[in-house]
Every structure is written in structure tokens, then in C-alpha cells.
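Presented below is the structure to which this report refers.
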Amino acid sequence: MRSRYTAYSKGYLDYLLATLHPQSRQGSDRQALQQSIQNMRWVGLTVVRTQKGRTQDKRGIVEFVALYQPAHMEGLQIGVVNQLHERSRFVKERNQWFYVDGDILPPMQLNPRNG
């Protein structure tokens, strides 16, 4: 999860595609990810909770809040910090973790010291 957040914040498109589970991939993924990278500046990550996802596990769930500032997104005020609160599902295959999908959750009130 943290590596994918870093990839979003640094614009590592190929890494994001490589860690997306093959069954979750769509032909438009590259373009959609590229637009997301160009239109958002990621400014913080808080992992809220995890379920499984350890070395010996084959599945894992990560609930997180990622903070971002839109750069060019219609309907969002430029420079204002917004949040993505998601519960993500991952699977481990051939000793590599892949993002499968996630559920968008309502915004959370964050502790100012933690994000």
C-alpha cells in the first residue's frame, strides 16, 4: 500500500500498472492513471488499519486515508486538501502483492498529529 502511494506521489506509472492485479486491469488504466498523476498532488498517507497482509498471508486489506491537492480537477478547488478514504484489497501471487480493488469510504476526521 505504501509503495503504491509513493508511486502515485512520484508519478511512477509503470509501477502502478505492474502492481495492479491482472484480473483488475482494463485497457484504459494507463490513461486514467496518467490523468490522476497529472491532476493531483499527494500530500499525506495515514494507514488506518490492516487485516492480514503479512509475509505468510495470501490476502490483505488496508484501510487508509490519502490526502491530496487537486491541480486541474473540475469541481474541486485548486490548492485545498481533500482526502481519499479507501478500504483496499490485495492478493499475493508468486511472492508479489497486487492491488485488486477497493471501496471508497466516507471522509474521516484525522488527528492533526497523524495526518
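Residues in the C-alpha cells are named by chain (A, B, ... in the order shown) and by number from 1 within that chain; ligands are numbered from 1 in the order shown.
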Item to check | Within 6 Å of His85 of chain A using only C-alpha atoms, minus same-chain residues under 6 positions, as a list of chain:residue names | outcome: A:Phe64, A:Val65, A:Ile104, A:Leu105, A:Pro107
Residues as selected, C-alpha atoms, written as a tab-separated table (two decimals), in the first residue's frame, can you do that?
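again.tsv written:
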```tsv
chain	number	residue	atom	x	y	z
A	64	PHE	CA	-6.15	4.24	4.53
A	65	VAL	CA	-6.65	7.96	4.14
A	104	ILE	CA	-14.40	4.31	-1.19
A	105	LEU	CA	-15.42	5.24	2.36
A	107	PRO	CA	-14.17	11.11	4.82
```
Checklist entry - How would you write, as an NGL selection string, the set of residues in segment 21-99 of chain A that DSSP gives as strand (DSSP E)? => result :A and (40-52 or 59-70 or 82-93 or 96-99)
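Put simply, atom CA of Ala32 of chain A is 27.2 Å away from atom CA of Arg49 of chain A.
For the pair atom CA of Arg25 of chain A and atom CA of Trp42 of chain A, the separation is 22.8 Å.
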As a short mmCIF file (atom, residue, chain, number, x, y, z; two decimals) with N, CA and C atoms, in the first residue's frame, please: the residues near Asp101 of chain A (cut-off 12 Å, only C-alpha atoms, same-chain neighbours under 6 positions excluded).
```cif
data_model
loop_
_atom_site.label_atom_id
_atom_site.label_comp_id
_atom_site.auth_asym_id
_atom_site.auth_seq_id
_atom_site.Cartn_x
_atom_site.Cartn_y
_atom_site.Cartn_z
N MET A 1 0.83 -1.19 0.00
CA MET A 1 0.00 0.00 0.00
C MET A 1 0.87 1.25 0.00
N THR A 19 1.67 -3.36 -10.34
CA THR A 19 1.15 -3.86 -9.07
C THR A 19 -0.38 -3.91 -9.05
N LEU A 20 -1.00 -3.66 -10.17
CA LEU A 20 -2.46 -3.83 -10.33
C LEU A 20 -2.70 -5.27 -10.75
N HIS A 21 -3.57 -5.96 -10.04
CA HIS A 21 -3.80 -7.38 -10.34
C HIS A 21 -4.24 -7.54 -11.80
N PRO A 22 -3.68 -8.52 -12.51
CA PRO A 22 -4.02 -8.72 -13.93
C PRO A 22 -5.53 -8.81 -14.19
N GLN A 23 -6.29 -9.43 -13.29
CA GLN A 23 -7.73 -9.54 -13.50
C GLN A 23 -8.46 -8.22 -13.27
N SER A 24 -7.79 -7.25 -12.66
CA SER A 24 -8.41 -5.94 -12.41
C SER A 24 -8.05 -4.92 -13.48
N ARG A 25 -7.15 -5.28 -14.37
CA ARG A 25 -6.68 -4.34 -15.39
C ARG A 25 -7.70 -4.13 -16.50
N GLY A 60 -4.82 -9.55 1.82
CA GLY A 60 -4.70 -8.49 2.80
C GLY A 60 -5.66 -7.36 2.49
N ILE A 61 -6.03 -6.65 3.53
CA ILE A 61 -6.90 -5.48 3.41
C ILE A 61 -6.22 -4.31 4.12
N VAL A 62 -6.23 -3.17 3.47
CA VAL A 62 -5.64 -1.95 4.06
C VAL A 62 -6.68 -0.84 3.96
N GLU A 63 -7.02 -0.28 5.11
CA GLU A 63 -7.86 0.92 5.12
C GLU A 63 -6.92 2.10 5.32
N GLU A 86 -10.20 4.89 1.72
CA GLU A 86 -10.50 3.66 0.97
C GLU A 86 -10.14 2.43 1.79
N ARG A 87 -10.88 1.37 1.56
CA ARG A 87 -10.54 0.03 2.05
C ARG A 87 -10.12 -0.77 0.83
N SER A 88 -8.84 -1.08 0.72
CA SER A 88 -8.27 -1.74 -0.46
C SER A 88 -8.04 -3.22 -0.19
N ARG A 89 -8.23 -4.01 -1.23
CA ARG A 89 -7.98 -5.44 -1.17
C ARG A 89 -6.77 -5.78 -2.03
N PHE A 90 -5.90 -6.62 -1.47
CA PHE A 90 -4.68 -7.06 -2.14
C PHE A 90 -4.61 -8.58 -2.10
N VAL A 91 -3.97 -9.16 -3.11
CA VAL A 91 -3.67 -10.59 -3.12
C VAL A 91 -2.18 -10.76 -3.40
#
```
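Residue nearest Leu16 of chain A within the list A:Leu84, A:Val100, A:Val48, A:Leu67: A:Val100 [criterion: smallest interatomic distance, only C-alpha atoms].
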Item to check | DSSP-assigned helix (DSSP H, G or I) members of chain A, reported as a PyMOL selection string | outcome: chain A and resi 2-10+13-18+22-24+29-39
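Proximity ranking of A:Arg2, A:Lys10, A:Tyr15, A:Leu33 relative to Leu45 of chain A places A:Arg2 first, based on only C-alpha atoms.
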Checklist entry - Between atom CA of Gln69 of chain A and atom CA of Gln51 of chain A, what is the distance, to one decimal in Å? => result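 Answer for the atom CA of Gln69 of chain A to atom CA of Gln51 of chain A separation: 28.4 Å.
In this comparison, which uses only C-alpha atoms, the residue of A:Arg30, A:Arg59, A:Arg54, A:Arg94 approaching Tyr12 of chain A most closely is A:Arg30.
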